[in-house]
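A.B. asks: Structure file run_15.cif (mmCIF, C-alpha atoms) right here:
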data_target
loop_
_atom_site.label_atom_id
_atom_site.label_comp_id
_atom_site.auth_asym_id
_atom_site.auth_seq_id
_atom_site.Cartn_x
_atom_site.Cartn_y
_atom_site.Cartn_z
CA MET A 1 48.34 125.02 109.12
CA SER A 2 48.35 128.33 107.34
CA VAL A 3 45.13 130.32 107.65
CA LEU A 4 46.01 132.14 104.43
CA GLU A 5 48.12 130.72 101.67
CA MET A 6 48.77 132.40 98.35
CA ARG A 7 50.60 130.31 95.75
CA ARG A 8 52.12 131.96 92.69
CA VAL A 9 49.32 134.50 92.56
CA SER A 10 49.35 136.98 89.69
CA ARG A 11 46.86 139.66 88.71
CA THR A 12 46.93 141.42 85.38
CA TYR A 13 44.68 144.27 84.28
CA GLY A 14 44.12 145.40 80.67
CA LEU A 15 45.30 143.76 77.45
CA GLY A 16 48.16 144.11 74.98
CA ALA A 17 50.08 147.37 75.29
CA ALA A 18 47.81 148.52 78.14
CA GLU A 19 48.57 145.38 80.18
CA VAL A 20 49.47 146.10 83.80
CA HIS A 21 50.92 143.41 86.06
CA ALA A 22 49.53 144.43 89.44
CA LEU A 23 50.82 141.25 91.12
CA GLN A 24 53.36 138.74 89.88
CA ASN A 25 53.95 135.28 91.35
CA ILE A 26 53.14 136.13 94.94
CA ASP A 27 53.81 133.38 97.48
CA LEU A 28 52.62 134.20 100.97
CA ALA A 29 51.61 132.03 103.92
CA VAL A 30 50.24 133.36 107.20
CA ASP A 31 49.81 131.00 110.15
CA ALA A 32 47.24 131.25 112.94
CA GLY A 33 48.39 133.81 115.51
CA ALA A 34 50.82 135.54 113.15
CA MET A 35 50.75 139.11 111.90
CA VAL A 36 52.33 139.82 108.54
CA ALA A 37 52.72 143.38 107.29
CA VAL A 38 52.98 144.07 103.58
CA MET A 39 54.91 147.27 102.94
CA GLY A 40 55.33 149.06 99.69
CA PRO A 41 54.75 152.38 97.97
CA SER A 42 51.49 153.39 96.29
CA GLY A 43 50.91 151.30 93.18
CA SER A 44 53.09 148.41 94.40
CA GLY A 45 50.09 146.05 94.50
CA LYS A 46 49.42 146.05 98.27
CA SER A 47 45.69 146.62 98.07
CA THR A 48 45.26 144.17 95.18
CA LEU A 49 47.04 141.54 97.27
CA LEU A 50 44.61 142.16 100.11
CA THR A 51 41.43 142.07 98.01
CA ILE A 52 42.56 138.81 96.40
CA ALA A 53 43.45 137.31 99.80
CA GLY A 54 39.96 138.28 100.99
CA SER A 55 38.25 136.75 97.92
CA LEU A 56 36.88 140.15 96.91
CA GLU A 57 38.78 139.84 93.62
CA GLU A 58 39.90 136.86 91.49
CA PRO A 59 43.57 136.32 90.68
CA SER A 60 44.52 135.99 86.99
CA SER A 61 46.51 132.91 87.92
CA GLY A 62 47.67 131.07 91.01
CA GLU A 63 45.85 129.71 94.04
CA VAL A 64 44.51 131.25 97.23
CA LEU A 65 43.61 129.07 100.20
CA VAL A 66 41.76 130.43 103.23
CA CYS A 67 41.47 128.06 106.19
CA GLY A 68 42.54 125.27 103.83
CA GLU A 69 39.81 125.96 101.25
CA GLU A 70 40.86 126.78 97.71
CA LEU A 71 38.91 129.89 96.72
CA THR A 72 38.67 129.41 92.98
CA GLY A 73 36.85 126.12 93.47
CA LEU A 74 34.11 127.70 95.57
CA SER A 75 30.71 128.88 94.38
CA ARG A 76 29.78 132.54 94.84
CA ASN A 77 27.59 131.63 97.82
CA ALA A 78 30.30 129.53 99.44
CA LYS A 79 32.77 132.38 98.99
CA ALA A 80 30.35 134.86 100.53
CA ARG A 81 29.85 132.50 103.48
CA LEU A 82 33.61 132.13 103.94
CA ARG A 83 33.97 135.93 103.89
CA ARG A 84 31.25 136.37 106.51
CA ARG A 85 32.45 133.61 108.83
CA SER A 86 36.19 133.50 108.55
CA ILE A 87 37.46 136.82 107.23
CA GLY A 88 37.33 140.24 108.86
CA TYR A 89 38.19 143.42 106.98
CA VAL A 90 39.44 146.74 108.34
CA PHE A 91 39.66 149.62 105.90
CA GLN A 92 41.31 153.01 106.14
CA ASP A 93 37.98 154.83 106.21
CA PHE A 94 36.30 152.46 108.71
CA ASN A 95 33.29 151.65 106.42
CA LEU A 96 30.75 151.64 109.26
CA LEU A 97 27.08 151.91 108.33
CA PRO A 98 25.96 155.36 109.50
CA GLY A 99 22.35 154.34 110.29
CA LEU A 100 23.39 151.59 112.72
CA THR A 101 24.74 151.97 116.25
CA ALA A 102 28.24 150.74 117.15
CA ALA A 103 26.77 147.52 118.58
CA GLU A 104 24.55 146.95 115.52
CA ASN A 105 27.49 147.52 113.18
CA VAL A 106 29.53 144.92 115.03
CA ALA A 107 26.66 142.41 115.19
CA LEU A 108 25.74 142.81 111.51
CA PRO A 109 28.09 140.18 109.98
CA LEU A 110 26.81 137.59 112.46
CA GLU A 111 23.18 138.40 111.70
CA LEU A 112 23.87 138.21 107.98
CA ASP A 113 25.33 134.78 108.66
CA GLY A 114 22.06 133.60 110.21
CA VAL A 115 22.91 134.01 113.91
CA SER A 116 19.83 135.10 115.90
CA ALA A 117 19.55 138.85 116.54
CA ARG A 118 19.83 138.34 120.29
CA LYS A 119 22.96 136.15 120.10
CA ALA A 120 24.54 138.48 117.56
CA ARG A 121 23.88 141.44 119.82
CA VAL A 122 25.49 139.72 122.82
CA ALA A 123 28.55 138.78 120.74
CA GLY A 124 28.73 142.35 119.41
CA LEU A 125 28.58 143.84 122.90
CA ASN A 126 31.28 141.44 124.10
CA ALA A 127 33.55 142.40 121.21
CA LEU A 128 33.03 146.10 121.98
CA GLU A 129 33.68 145.53 125.65
CA GLU A 130 36.98 143.79 124.90
CA LEU A 131 38.07 146.87 122.98
CA GLY A 132 37.05 149.20 125.82
CA LEU A 133 33.99 150.55 124.01
CA ALA A 134 31.12 149.10 126.07
CA GLU A 135 29.79 152.55 126.99
CA ARG A 136 29.74 153.62 123.31
CA ALA A 137 27.64 150.65 122.14
CA ALA A 138 24.50 152.75 121.54
CA SER A 139 26.32 155.59 119.76
CA PHE A 140 26.04 156.11 116.02
CA PRO A 141 29.27 156.39 113.99
CA ASP A 142 29.00 160.17 113.64
CA GLN A 143 28.92 160.46 117.44
CA LEU A 144 32.27 158.63 117.77
CA SER A 145 35.81 159.98 117.40
CA GLY A 146 38.02 158.67 114.59
CA GLY A 147 39.89 156.40 117.00
CA GLU A 148 36.63 155.00 118.41
CA ARG A 149 35.23 154.39 114.92
CA GLN A 150 38.29 152.39 113.96
CA ARG A 151 38.02 150.34 117.19
CA VAL A 152 34.39 149.56 116.29
CA ALA A 153 35.57 148.53 112.82
CA ILE A 154 38.14 146.19 114.40
CA ALA A 155 35.50 144.77 116.76
CA ARG A 156 33.33 144.07 113.69
CA ALA A 157 36.28 142.44 111.92
CA VAL A 158 37.06 140.03 114.77
CA VAL A 159 33.55 139.29 116.09
CA GLY A 160 32.51 135.64 116.07
CA GLU A 161 34.99 133.00 115.00
CA ARG A 162 36.94 134.95 112.40
CA GLN A 163 40.31 133.44 111.67
CA LEU A 164 41.74 135.91 109.17
CA LEU A 165 41.94 139.67 109.64
CA LEU A 166 42.80 141.77 106.59
CA ALA A 167 43.60 145.43 107.18
CA ASP A 168 44.31 148.11 104.58
CA GLU A 169 46.16 151.11 106.09
CA PRO A 170 44.15 150.56 109.29
CA SER A 171 45.37 153.66 111.08
CA GLY A 172 44.32 155.84 108.13
CA ALA A 173 44.28 159.47 109.15
CA LEU A 174 44.46 158.74 112.90
CA ASP A 175 47.18 160.40 114.99
CA SER A 176 50.10 158.28 116.16
CA VAL A 177 48.64 157.46 119.59
CA ASN A 178 45.36 156.22 118.09
CA GLY A 179 47.27 154.50 115.29
CA GLU A 180 49.27 152.63 117.91
CA GLY A 181 46.01 151.73 119.67
CA VAL A 182 44.70 150.18 116.45
CA MET A 183 47.85 148.10 116.04
CA ARG A 184 47.68 146.96 119.68
CA LEU A 185 44.14 145.68 119.04
CA ILE A 186 45.15 143.80 115.91
CA HIS A 187 48.16 142.42 117.78
CA ALA A 188 45.88 141.29 120.62
CA ALA A 189 43.59 139.53 118.13
CA CYS A 190 46.65 137.68 116.81
CA LYS A 191 47.59 136.60 120.34
CA ARG A 192 44.13 135.00 120.51
CA GLY A 193 44.99 133.00 117.37
CA VAL A 194 43.76 135.20 114.52
CA ALA A 195 46.04 135.46 111.47
CA ALA A 196 46.40 139.03 110.24
CA VAL A 197 47.68 140.72 107.11
CA VAL A 198 48.18 144.47 107.38
CA VAL A 199 49.10 146.41 104.28
CA THR A 200 50.68 149.78 104.88
CA HIS A 201 53.33 152.20 103.71
CA ASP A 202 53.95 153.17 107.35
CA ALA A 203 57.00 151.52 108.93
CA GLN A 204 55.77 152.25 112.47
CA LEU A 205 52.60 150.24 111.85
CA ALA A 206 54.51 147.51 110.02
CA SER A 207 56.89 147.15 112.95
CA TRP A 208 54.09 145.57 115.01
CA ALA A 209 54.16 142.57 112.67
CA ASP A 210 56.05 139.31 113.21
CA ARG A 211 57.19 139.49 109.60
CA VAL A 212 57.31 142.35 107.12
CA VAL A 213 57.08 141.54 103.42
CA PHE A 214 58.25 144.21 100.98
CA LEU A 215 56.35 144.62 97.76
CA ARG A 216 57.63 146.51 94.74
CA ASP A 217 56.04 146.70 91.31
CA GLY A 218 53.77 143.77 92.12
CA ARG A 219 56.53 141.46 93.32
CA VAL A 220 57.74 140.42 96.77
CA THR A 221 61.31 141.72 96.75
CA ASP A 222 62.36 141.07 100.32
CA GLN A 223 61.20 140.25 103.84
CA THR A 224 62.42 140.74 107.40
CA LEU A 225 64.21 138.05 109.38
CA PRO A 226 62.73 136.72 112.64
CA VAL A 227 62.77 139.44 115.30
CA PRO A 228 65.57 138.98 117.88
CA GLY A 229 64.94 139.70 121.57
CA PRO A 230 65.14 143.26 122.91
CA GLU A 231 68.35 142.58 124.92
CA SER A 232 70.65 143.70 122.14
CA LEU A 233 68.99 147.14 122.09
CA LEU A 234 68.70 147.68 125.82
CA THR A 235 72.25 146.80 126.74
CA ARG A 236 73.80 148.78 123.90
CA GLY A 237 72.01 152.12 124.18
CA PRO A 238 71.40 154.44 121.26
CA GLY A 239 74.17 156.15 119.37
CA GLN A 240 76.77 153.51 120.14
CA MET B 1 72.93 163.88 125.83
CA SER B 2 74.02 166.35 128.51
CA VAL B 3 74.79 164.31 131.63
CA ARG B 4 75.52 167.61 133.37
CA HIS B 5 71.99 168.91 132.87
CA ALA B 6 70.37 165.56 133.52
CA LEU B 7 72.06 165.52 136.95
CA LEU B 8 70.94 169.10 137.62
CA ALA B 9 67.38 168.04 136.74
CA LEU B 10 67.51 165.14 139.22
CA LEU B 11 68.93 167.43 141.92
CA SER B 12 66.16 169.98 141.28
CA GLU B 13 63.84 167.52 143.07
CA GLY B 14 65.97 167.57 146.23
CA PRO B 15 69.42 166.62 147.56
CA LYS B 16 70.81 163.28 146.38
CA TYR B 17 74.06 161.32 146.54
CA GLY B 18 76.12 160.00 143.63
CA LEU B 19 74.99 156.38 143.42
CA GLN B 20 71.38 157.43 143.79
CA LEU B 21 71.83 159.90 140.91
CA ARG B 22 73.20 157.18 138.68
CA GLU B 23 70.31 154.83 139.45
CA GLU B 24 67.70 157.53 138.92
CA PHE B 25 69.34 158.71 135.69
CA GLU B 26 69.18 155.20 134.25
CA ALA B 27 65.60 154.72 135.43
CA ARG B 28 64.46 158.04 133.95
CA THR B 29 66.01 157.33 130.56
CA GLY B 30 64.32 153.96 130.36
CA GLU B 31 67.67 152.28 131.16
CA VAL B 32 68.83 152.74 127.58
CA TRP B 33 71.54 155.25 128.49
CA PRO B 34 74.00 153.43 130.73
CA LEU B 35 76.09 155.76 132.86
CA ASN B 36 79.12 154.73 134.89
CA VAL B 37 79.52 155.97 138.41
CA GLY B 38 82.91 157.59 137.65
CA GLN B 39 81.21 159.79 135.07
CA VAL B 40 78.65 160.85 137.69
CA TYR B 41 81.34 161.90 140.21
CA THR B 42 83.48 163.73 137.62
CA THR B 43 80.43 165.64 136.43
CA LEU B 44 79.40 166.47 140.02
CA GLN B 45 82.90 167.82 140.76
CA ARG B 46 82.70 170.10 137.71
CA LEU B 47 79.21 171.25 138.62
CA GLU B 48 80.43 172.06 142.14
CA ARG B 49 83.48 173.91 140.77
CA ASP B 50 81.14 176.00 138.57
CA GLY B 51 78.87 176.80 141.52
CA LEU B 52 75.88 174.97 140.08
CA VAL B 53 75.69 172.40 142.89
CA GLU B 54 76.99 172.26 146.45
CA SER B 55 77.71 169.34 148.74
CA ASP B 56 77.80 168.66 152.48
CA GLY B 57 80.28 170.96 154.11
CA ASP B 58 82.25 168.26 155.95
CA GLY B 59 84.60 167.84 152.98
CA GLN B 60 84.31 164.04 153.12
CA ASP B 61 84.08 162.33 149.75
CA GLY B 62 82.17 159.09 149.58
CA PRO B 63 79.16 157.36 148.21
CA GLN B 64 76.82 158.93 150.81
CA LYS B 65 77.88 162.52 150.17
CA ASP B 66 74.79 164.64 149.46
CA PHE B 67 74.63 167.13 146.60
CA ARG B 68 72.17 170.05 146.26
CA ILE B 69 71.38 172.32 143.33
CA THR B 70 72.20 176.04 143.86
CA ALA B 71 70.16 179.03 142.66
CA THR B 72 72.63 179.47 139.78
CA GLY B 73 72.22 175.77 138.98
CA THR B 74 68.44 176.18 138.82
CA GLN B 75 68.82 179.15 136.45
CA GLU B 76 71.22 177.17 134.28
CA LEU B 77 68.80 174.21 134.14
CA THR B 78 65.81 176.42 133.27
CA ALA B 79 67.74 178.13 130.46
CA TRP B 80 69.07 174.80 129.11
CA LEU B 81 65.58 173.24 128.93
CA ARG B 82 64.45 176.05 126.64
CA THR B 83 67.55 176.24 124.45
CA PRO B 84 66.97 174.23 121.25
CA PRO B 85 69.91 171.98 120.36
CA ASP B 86 71.68 172.96 117.13
CA MET B 87 69.85 171.14 114.36
CA SER B 88 70.49 173.73 111.66
CA SER B 89 73.34 172.04 109.81
CA PRO B 90 72.73 168.69 108.14
CA PRO B 91 74.62 165.95 109.99
CA ARG B 92 77.12 163.90 108.00
CA ASP B 93 74.81 160.98 107.67
CA GLU B 94 76.55 157.76 106.72
CA LEU B 95 73.43 156.28 105.16
CA VAL B 96 72.84 159.36 102.99
CA MET B 97 76.48 159.08 101.87
CA LYS B 98 76.09 155.42 100.95
CA ILE B 99 73.07 156.11 98.76
CA LEU B 100 74.75 159.10 97.10
CA VAL B 101 77.85 157.00 96.46
CA ALA B 102 75.79 154.06 95.18
CA LEU B 103 74.33 156.34 92.49
CA ARG B 104 77.85 156.79 91.09
CA VAL B 105 79.08 153.19 91.23
CA PRO B 106 78.59 151.56 87.81
CA GLY B 107 76.50 148.41 87.78
CA THR B 108 74.94 149.10 91.20
CA ASP B 109 71.19 148.68 91.63
CA VAL B 110 70.62 151.63 93.96
CA ARG B 111 67.07 150.57 94.71
CA GLU B 112 68.38 147.21 95.89
CA VAL B 113 70.92 149.02 98.10
CA ILE B 114 68.04 151.11 99.48
CA GLN B 115 66.07 147.95 100.25
CA VAL B 116 68.97 146.42 102.22
CA HIS B 117 68.96 149.47 104.50
CA ARG B 118 65.17 149.68 104.63
CA ARG B 119 64.92 146.07 105.80
CA TYR B 120 67.58 146.61 108.47
CA LEU B 121 65.77 149.69 109.80
CA VAL B 122 62.35 148.02 109.85
CA GLN B 123 63.87 145.08 111.74
CA LEU B 124 65.27 147.49 114.32
CA MET B 125 61.84 149.12 114.56
CA GLN B 126 60.27 145.69 115.14
CA GLN B 127 62.63 145.19 118.08
CA TRP B 128 61.76 148.58 119.58
CA THR B 129 58.05 147.92 119.08
CA ARG B 130 58.40 144.61 120.97
CA ILE B 131 59.85 146.58 123.88
CA LYS B 132 56.99 149.06 123.68
CA ASP B 133 54.48 146.24 123.61
CA THR B 134 55.90 144.23 126.48
CA GLU B 135 57.69 146.62 128.79
CA ALA B 136 56.96 150.24 128.06
CA GLU B 137 53.25 150.33 128.88
CA SER B 138 53.84 150.85 132.58
CA ASP B 139 57.01 152.91 132.20
CA MET B 140 56.46 156.30 130.61
CA SER B 141 60.15 157.22 130.39
CA LEU B 142 60.88 154.02 128.50
CA ALA B 143 57.84 154.58 126.25
CA LEU B 144 59.08 158.08 125.39
CA VAL B 145 62.60 156.83 124.63
CA VAL B 146 61.21 154.03 122.46
CA ASP B 147 58.91 156.50 120.65
CA ALA B 148 61.90 158.77 119.98
CA GLU B 149 63.84 155.85 118.48
CA LEU B 150 60.85 154.72 116.41
CA PHE B 151 60.22 158.20 115.01
CA ARG B 152 63.92 158.64 114.25
CA LEU B 153 64.17 155.32 112.41
CA ASP B 154 60.82 155.96 110.72
CA ALA B 155 62.13 159.26 109.37
CA VAL B 156 65.07 157.42 107.80
CA VAL B 157 62.75 154.81 106.25
CA ARG B 158 60.62 157.63 104.83
CA TRP B 159 63.71 159.26 103.38
CA LEU B 160 64.65 155.92 101.76
CA ASP B 161 61.10 155.62 100.37
CA ALA B 162 61.33 159.14 98.96
CA ALA B 163 64.78 158.42 97.48
CA ASP B 164 63.47 155.18 95.98
CA GLY B 165 60.51 157.02 94.41
CA ARG B 166 62.72 159.82 93.12
CA ILE B 167 65.19 157.39 91.53
CA LYS B 168 62.36 155.39 89.94
CA ARG B 169 60.76 158.57 88.58
CA THR B 170 64.04 159.85 87.19
CA ALA B 171 64.69 156.51 85.49
CA THR B 172 61.31 156.52 83.77
CA ASP B 173 61.01 160.26 83.16
CA PRO B 174 64.29 162.06 82.30
CA MET B 175 62.37 165.36 82.36
CA ALA B 176 62.16 165.01 86.15
CA THR B 177 65.94 165.52 86.44
CA ALA B 178 65.93 168.41 84.00
CA THR B 179 63.25 170.21 86.00
CA ALA B 180 65.02 169.51 89.28
CA THR B 181 68.32 170.92 87.97
CA THR B 182 66.69 174.08 86.71
CA THR B 183 64.96 174.63 90.01
CA THR B 184 68.12 174.10 92.09
CA THR B 185 70.29 176.43 90.05
CA GLY B 186 67.59 179.06 90.30
CA THR B 187 67.59 179.12 94.10
CA THR B 188 69.48 181.32 96.55
CA GLN B 189 73.23 181.69 97.10
CA ALA B 190 73.09 179.48 100.17
CA VAL B 191 72.62 176.37 98.04
CA PRO B 192 76.18 175.80 96.73
CA GLY B 193 77.56 176.01 100.29
CA LEU B 194 74.90 173.67 101.56
CA ARG B 195 75.59 171.33 98.67
CA ARG B 196 79.25 171.18 99.68
CA ARG B 197 78.47 170.64 103.34
CA ILE B 198 76.18 167.68 102.76
CA GLY B 199 78.56 166.22 100.20
CA ALA B 200 76.03 166.33 97.35
CA ARG B 201 77.06 167.05 93.78
CA LYS B 202 75.05 167.78 90.74
#
As C-alpha cells - that is how I would like this structure written.

C.D. replies:
Amino acid sequence: MSVLEMRRVSRTYGLGAAEVHALQNIDLAVDAGAMVAVMGPSGSGKSTLLTIAGSLEEPSSGEVLVCGEELTGLSRNAKARLRRRSIGYVFQDFNLLPGLTAAENVALPLELDGVSARKARVAGLNALEELGLAERAASFPDQLSGGERQRVAIARAVVGERQLLLADEPSGALDSVNGEGVMRLIHAACKRGVAAVVVTHDAQLASWADRVVFLRDGRVTDQTLPVPGPESLLTRGPGQ
Amino acid sequence: MSVRHALLALLSEGPKYGLQLREEFEARTGEVWPLNVGQVYTTLQRLERDGLVESDGDGQDGPQKDFRITATGTQELTAWLRTPPDMSSPPRDELVMKILVALRVPGTDVREVIQVHRRYLVQLMQQWTRIKDTEAESDMSLALVVDAELFRLDAVVRWLDAADGRIKRTATDPMATATATTTTTGTTQAVPGLRRRIGARK
C-alpha cells in the first residue's frame, strides 16, 4: 500500500487575471521503503507539493491519502495527530528550537503526542545514537555544526513510528560531503520502511532516490525509469 | 588519462612487474578504467626508451620482469602532477550542439528536448550513486572516481537547467534577448573567435 498517494491534486492561488496554478493534476504514489525525489526549478510547485502532501496546506481539488487516510475528510485535530505520528518534516534551515537541547528537540514531537517525558527522551536518545550523535545529545542547536543540526532535524523527523518523511532541499547550504551524509540518512530511513519525498533542484541529491519526478510549471512532465544495476557502468568505463 | 604517468606513479612506490602494474592501475582507478596488458608493456617499453624507467639488466622479457622509476622519471612525474590539463578551449560538446540545433529546427519544443537529456543524465547519476552507496564506502579510489562522474554529470544537468530557464525567460520576455545581444556585441574582440569555435551563432 502506498504511504502517500496524491490523486489529481491541483492548487490555485488568486482569482481571475491574478490566478496562478501552482499545481495541476498531480498524481503521485510513494510506497513504504521508497524514496521519490521531485526535481524542478524555483517556482515549479515543488514546495507546494510537499506542504500539501504533509497536510500543512489544502489542495484546491484532488485527494491526498496518507497511510490510507484521506486528508480532506479529517478534522483539524485528526490532521494534527496524523502529522505528529506519521509524518516527519526536514526543512532547508533545520527549524530546531534554539532553547531545547538536541535530545529535547528530537523528543518533542513524541511528547506533544502524549508519550511520557521519560519514554520520549529514551526514544530521542536512540534516534540520535543511530545517526551518530549520541555525544551531542545535551548540546543546544547553536553549539552544533550545520551538518550536525541537520542530522538532529532528521532524527526528529524519523523518531517514533513515522511512516512518511518529507524533505524540502534537505542539504540546504551544507557542503557536498555533509549533503551526502544527509541523503545517506534519509536513504537509511527508507531501508527501514519509511516512505520519503525529497524536493530539490540538486541532481546529486535527487540521484539518491529510487524514482525522480520532474515538475515544471506545476505539472509532472516526466520521471526516471527504474534504475538498472551498476554493471553497465563498471564494465564500460567512462568516455567510451 | 595518461597511462604513462599513471604507471610512473605506481613505480614511484617501488619496483613492480607488468601484470602487477595492470592490476594496481585498475584497483587505483576504482576498476572503471580497464587497461589491457599489451598497453602496459608497450608503455613500459617507451618509458624505458625515454630513460624514465629501467628494468632488470638480464635482458629477459617476461611477466616477472621488474621495472623501476629513474631520477628523470621522478622529475617527469612531479612536473606532470602540477601541470594543469588544457581546459582553456571549450570542447565540442555534442549535447550543447544538439540544444543549439534544436533551437533552429521549426516545430521543435526545445524544452522537451532538454528534458529528454536531463532525464537520461539523472538516470546515469542514480546508477553512480548506487555504486557509491553500496561499494564505494570502503574504497576511496572508487569513491573519488564516482564523485568525479557525479560532479561532471551534475554540471551538465545544471547547464540544461540554465538553458531551460534562459529559453523560458526569452519566450516570455523578448527584452531579455535584446539585452543579451547588446551585451555580447559590446564585449572584447575575443568573442567572435570564441563564437566560431563553439559553433554558436547569433

A.B. asks: Define the interface residues of chain B facing chain A as those within 6 Å, counting only C-alpha atoms, and report them as a ChimeraX atom specification.

C.D. replies: /B:32-33,125-127

A.B. asks: Can you work out the spacing between CA of Asp142 in chain A and CA of Gln163 in chain A in Å, to one decimal?

C.D. replies: 29.1 Å

A.B. asks: If we count only C-alpha atoms and set the cut-off at 12 Å, which residues sit around Ile99 in chain B, ignoring sequence neighbours fewer than 5 positions away in its own chain? Please answer as JSON, numbers by chain.

C.D. replies: {"B": [93, 94, 104, 105, 108, 109, 110, 111, 112, 113, 114, 115, 116, 117, 118, 159, 160, 163, 164, 167, 199, 200]}

A.B. asks: Under the PyMOL selection byres ((chain B and resi 142) around 12), which residues of this model are included? Write them out as a PyMOL selection string.

C.D. replies: (chain A and resi 234) or (chain B and resi 26-33+128-129+131-141+143-149)

A.B. asks: Counting only C-alpha atoms, find the residues whose atoms lie at most 8 Å from (50.9, 135.7, 112.6) (file coordinates) and write them out as an mmCIF file with C-alpha atoms, in the frame of the given file.

C.D. replies:
data_model
loop_
_atom_site.group_PDB
_atom_site.id
_atom_site.type_symbol
_atom_site.label_atom_id
_atom_site.label_comp_id
_atom_site.auth_asym_id
_atom_site.auth_seq_id
_atom_site.Cartn_x
_atom_site.Cartn_y
_atom_site.Cartn_z
ATOM 1 C CA VAL A 30 50.240 133.360 107.200
ATOM 2 C CA ASP A 31 49.810 131.000 110.150
ATOM 3 C CA ALA A 32 47.240 131.250 112.940
ATOM 4 C CA GLY A 33 48.390 133.810 115.510
ATOM 5 C CA ALA A 34 50.820 135.540 113.150
ATOM 6 C CA MET A 35 50.750 139.110 111.900
ATOM 7 C CA VAL A 36 52.330 139.820 108.540
ATOM 8 C CA CYS A 190 46.650 137.680 116.810
ATOM 9 C CA VAL A 194 43.760 135.200 114.520
ATOM 10 C CA ALA A 195 46.040 135.460 111.470
ATOM 11 C CA ALA A 196 46.400 139.030 110.240
ATOM 12 C CA ALA A 209 54.160 142.570 112.670
ATOM 13 C CA ASP A 210 56.050 139.310 113.210
ATOM 14 C CA ARG A 211 57.190 139.490 109.600
#

A.B. asks: Need the shell around Glu130 in chain A: protein/DNA/RNA residues with any atom at most 12 Å away, counting only C-alpha atoms. Skip same-chain ones fewer than 2 positions apart. Format as a list in words?

C.D. replies: Ala123, Gly124, Leu125, Asn126, Ala127, Leu128, Gly132, Leu133, Ala134, Glu135, Ala137, Arg151, Val152, Ile154, Ala155, Arg156, Val158, Val159, Leu185, Ala188 and Ala189 of chain A

A.B. asks: What would the selection look like, as a PyMOL selection string, if the PyMOL selection byres ((chain B and resi 13) around 12) were run on the coordinates I just shared?

C.D. replies: chain B and resi 6-12+14-16+21+24+67-70+74

A.B. asks: Grab the CA of Gly147 in chain A to CA of Asp93 in chain A distance for me, in Å with one decimal place.

C.D. replies: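 Answer for the CA of Gly147 in chain A to CA of Asp93 in chain A separation: 11.1 Å.
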
A.B. asks: Which residues are close to Arg76 in chain A, i.e. within 12 Å by only C-alpha atoms, leaving aside same-chain residues fewer than 4 positions away? Reply as a list in words.

C.D. replies: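 Counting only C-alpha atoms, the residues come to Ser55, Leu56, Glu57, Glu58, Leu71, Thr72, Ala80, Arg81, Leu82 and Arg83 of chain A.
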
A.B. asks: Write out as number ranges by chain each polymer residue whose atoms come within 8 Å of Glu63 in chain A, counting all atoms listed in the file; drop sequence neighbours fewer than 3 positions from it.

C.D. replies: A: 6-9, 59, 70-72

A.B. asks: A:Leu165, A:Asn77, A:Val90, A:Leu144: which is nearest Asp113 in chain A, counting only C-alpha atoms?

C.D. replies: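 Using only C-alpha atoms, the shortest distance to Asp113 in chain A belongs to A:Asn77.
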
A.B. asks: Which of these residues is nearest to Glu76 in chain B, using all atoms listed in the file: B:Leu52, B:Pro106, B:Val37, B:Asp161?

C.D. replies: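 Residue with the minimum atom-to-atom distance to Glu76 in chain B: B:Leu52.
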
A.B. asks: At a cut-off of 9 Å, using all atoms listed in the file, what residues contact Glu5 in chain A? Leave out same-chain residues fewer than 3 positions from it and give the result as a list in words.

C.D. replies: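 Near neighbours after the sequence-gap exclusion: Ser2, Asp27, Leu28, Ala29, Val30, Asp31, Ala53, Glu63, Val64, Leu65, Val66, Cys67 and Gly68 of chain A.
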
A.B. asks: Around the point (43.9, 159.3, 116.9), in the coordinates given by the file, pick out the residues reaching within 12 Å, counting only C-alpha atoms, and return them as a ChimeraX atom specification.

C.D. replies: /A:144-151,170-183

A.B. asks: Which residues, named as in the file, does the PyMOL selection byres ((chain A and resi 108) around 12) pick out? Answer as a PyMOL selection string.

C.D. replies: chain A and resi 84-85+96-97+100-107+109-125+152-153+155-157+159-160

A.B. asks: How far is it from CA of Arg152 in chain B to CA of Thr83 in chain B, in Å with one decimal?

C.D. replies: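 CA of Thr83 in chain B lies at a distance of 20.7 Å from CA of Arg152 in chain B.
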